[in-house]
$ cat entry12.cif   # mmCIF, C-alpha atoms
data_upload
#
loop_
_atom_site.label_atom_id
_atom_site.label_comp_id
_atom_site.auth_asym_id
_atom_site.auth_seq_id
_atom_site.Cartn_x
_atom_site.Cartn_y
_atom_site.Cartn_z
CA MET A 1 182.30 27.63 50.98
CA ALA A 2 181.42 31.31 50.70
CA ASP A 3 181.13 33.42 53.83
CA PHE A 4 179.57 36.84 54.36
CA LYS A 5 180.95 39.08 57.12
CA ARG A 6 181.18 42.83 57.60
CA LYS A 7 179.71 43.62 54.17
CA THR A 8 182.28 41.41 52.44
CA LEU A 9 181.49 38.22 50.57
CA SER A 10 184.53 35.93 50.75
CA LEU A 11 184.69 33.09 48.26
CA SER A 12 186.67 29.86 48.65
CA SER A 13 188.87 31.00 45.73
CA GLY A 14 190.11 33.84 47.91
CA LYS A 15 188.20 36.51 45.98
CA GLN A 16 186.44 39.09 48.15
CA ILE A 17 183.49 41.19 47.02
CA LYS A 18 182.67 44.34 48.96
CA LEU A 19 178.94 44.98 49.21
CA PHE A 20 177.06 48.11 50.26
CA GLY A 21 174.30 46.31 52.11
CA ASN A 22 174.01 43.13 54.11
CA SER A 23 172.32 40.75 51.71
CA MET A 24 172.26 39.32 48.19
CA ALA A 25 169.16 38.73 46.12
CA ILE A 26 168.18 36.75 43.04
CA GLY A 27 165.36 37.65 40.67
CA LYS A 28 163.09 35.52 38.53
CA SER A 29 165.40 36.26 35.57
CA LEU A 30 168.22 34.63 37.63
CA GLU A 31 170.14 37.91 37.79
CA ILE A 32 171.80 38.45 41.16
CA GLY A 33 172.59 41.62 43.04
CA GLU A 34 172.45 43.23 46.40
CA GLY A 35 169.21 43.15 48.34
CA TYR A 36 169.20 46.51 50.11
CA ALA A 37 165.97 46.65 52.06
CA PRO A 38 165.19 43.95 54.64
CA ASN A 39 161.50 44.83 54.39
CA ILE A 40 159.80 41.43 54.29
CA PHE A 41 161.19 39.63 57.34
CA ALA A 42 163.97 41.05 59.49
CA CYS A 43 165.38 41.56 62.95
CA ILE A 44 164.81 44.95 64.51
CA GLU A 45 167.92 45.95 66.42
CA GLU A 46 167.56 47.44 69.87
CA GLN A 47 167.37 51.25 69.78
CA PRO A 48 168.49 52.55 73.19
CA GLU A 49 167.56 56.19 72.54
CA SER A 50 163.95 55.29 71.75
CA LYS A 51 163.85 52.28 74.09
CA ILE A 52 162.70 49.94 71.32
CA PRO A 53 163.79 46.37 72.24
CA ASN A 54 165.08 43.75 69.78
CA GLY A 55 162.23 42.26 67.82
CA ILE A 56 160.99 40.92 64.51
CA SER A 57 159.73 42.95 61.57
CA ASN A 58 157.09 40.99 59.66
CA PRO A 59 154.89 43.68 58.02
CA GLN A 60 153.05 41.17 55.81
CA GLN A 61 152.24 38.97 58.82
CA LEU A 62 153.77 35.96 57.06
CA THR A 63 153.23 32.62 58.73
CA GLN A 64 155.89 29.96 59.29
CA ASP A 65 154.59 28.04 56.26
CA GLU A 66 154.60 31.18 54.08
CA LEU A 67 158.17 32.00 55.08
CA ALA A 68 159.20 28.42 54.29
CA GLU A 69 157.50 28.77 50.89
CA LEU A 70 159.41 32.00 50.27
CA ALA A 71 162.67 30.25 51.20
CA ASP A 72 161.86 27.32 48.90
CA TYR A 73 161.14 29.76 46.03
CA ASN A 74 164.49 31.49 46.47
CA ILE A 75 166.36 28.20 46.87
CA GLN A 76 164.82 27.01 43.59
CA LEU A 77 165.95 30.20 41.81
CA TRP A 78 169.53 29.68 43.06
CA MET A 79 169.40 26.02 41.95
CA ASP A 80 168.10 27.09 38.52
CA LEU A 81 170.98 29.58 38.25
CA LYS A 82 173.49 26.89 39.18
CA ALA A 83 172.04 24.52 36.54
CA ALA A 84 172.02 27.24 33.86
CA ILE A 85 175.66 28.12 34.55
CA ARG A 86 176.63 24.45 34.33
CA LYS A 87 174.75 24.12 31.05
CA HIS A 88 175.77 27.38 29.34
CA GLY A 89 178.94 28.56 31.12
CA VAL A 90 179.38 32.01 32.63
CA ASN A 91 179.64 33.99 29.38
CA SER A 92 176.32 33.16 27.73
CA PRO A 93 173.14 35.25 27.95
CA LYS A 94 171.30 31.92 27.73
CA ILE A 95 171.85 31.69 31.50
CA PHE A 96 169.15 34.34 31.84
CA GLY A 97 166.90 32.91 29.12
CA HIS A 98 168.19 35.28 26.40
CA GLU A 99 169.52 34.32 23.01
CA PRO A 100 172.92 35.75 22.13
CA THR A 101 172.88 38.69 19.71
CA LYS A 102 174.54 38.20 16.34
#

$ encode --input "entry12.cif" --output "structure tokens"
Amino acid sequence: MADFKRKTLSLSSGKQIKLFGNSMAIGKSLEIGEGYAPNIFACIEEQPESKIPNGISNPQQLTQDELAELADYNIQLWMDLKAAIRKHGVNSPKIFGHEPTK
């Protein structure tokens, strides 16, 4: 199973992918990349110089149910990607809903 530590994604195959940020994201088109800004729901680290304690950043005031809905949406995108890769392989633009060019 994949593991993500110290900005490195380690896969069970032994391959390691260095990332700039601390998260991965998937879009509606099923393309994946790095998610740079934790600006929807995140942990605020303690800042000793400004005396800000650890806390939660939730600027949209999302409820527990809304966060669960957001998680379900992202889980479904990852499941759709997995199904598309199984169906089309890793070298087909059909994964992303595109027809191959001739």

$ closest_residue --input "entry12.cif" --among "A:Ile44, A:Leu81, A:Tyr36, A:Lys5" --to "Pro93 (chain A)" --atoms "all atoms listed in the file"
A:Leu81

$ closest_residue --input "entry12.cif" --among "A:Gly97, A:Gly89, A:Gly33, A:Pro38" --to "Pro59 (chain A)" --atoms "all atoms listed in the file"
A:Pro38

$ resolve_selection --input "entry12.cif" --expression "the PyMOL selection byres ((chain A and resi 27) around 12)" --output "NGL selection string"
:A and (24-26 or 28-35 or 73-78 or 80-81 or 96)

$ residues_around --input "entry12.cif" --residues "region 54-56 of chain A" --least-positions-apart "4" --cutoff "7 Å" --atoms "all atoms listed in the file" --output "list in words"
Ala42, Cys43, Ile44, Glu45 and Glu46 of chain A

$ write_last_selection --input "entry12.cif" --atoms "C-alpha atoms" --output "PDB file, in the frame of the given file"
ATOM      1  CA  ALA A  42     163.970  41.050  59.490  1.00  0.00           C
ATOM      2  CA  CYS A  43     165.380  41.560  62.950  1.00  0.00           C
ATOM      3  CA  ILE A  44     164.810  44.950  64.510  1.00  0.00           C
ATOM      4  CA  GLU A  45     167.920  45.950  66.420  1.00  0.00           C
ATOM      5  CA  GLU A  46     167.560  47.440  69.870  1.00  0.00           C
TER       6      GLU A  46
END

$ residues_around --input "entry12.cif" --residues "Asp3 (chain A)" --least-positions-apart "3" --cutoff "12 Å" --atoms "all atoms listed in the file" --output "list in words"
Arg6, Lys7, Thr8, Leu9, Ser10, Leu11, Ser12, Ser13, Gly14, Lys15, Gln16, Ile17 and Ser23 of chain A

$ atom_distance --input "entry12.cif" --atom1 "CA of Ala37 (chain A)" --atom2 "CA of Gln60 (chain A)"
14.5 Å

$ atom_distance --input "entry12.cif" --atom1 "CA of Leu62 (chain A)" --atom2 "CA of Phe41 (chain A)"
8.3 Å

$ atom_distance --input "entry12.cif" --atom1 "CA of Ile40 (chain A)" --atom2 "CA of Leu70 (chain A)"
10.3 Å
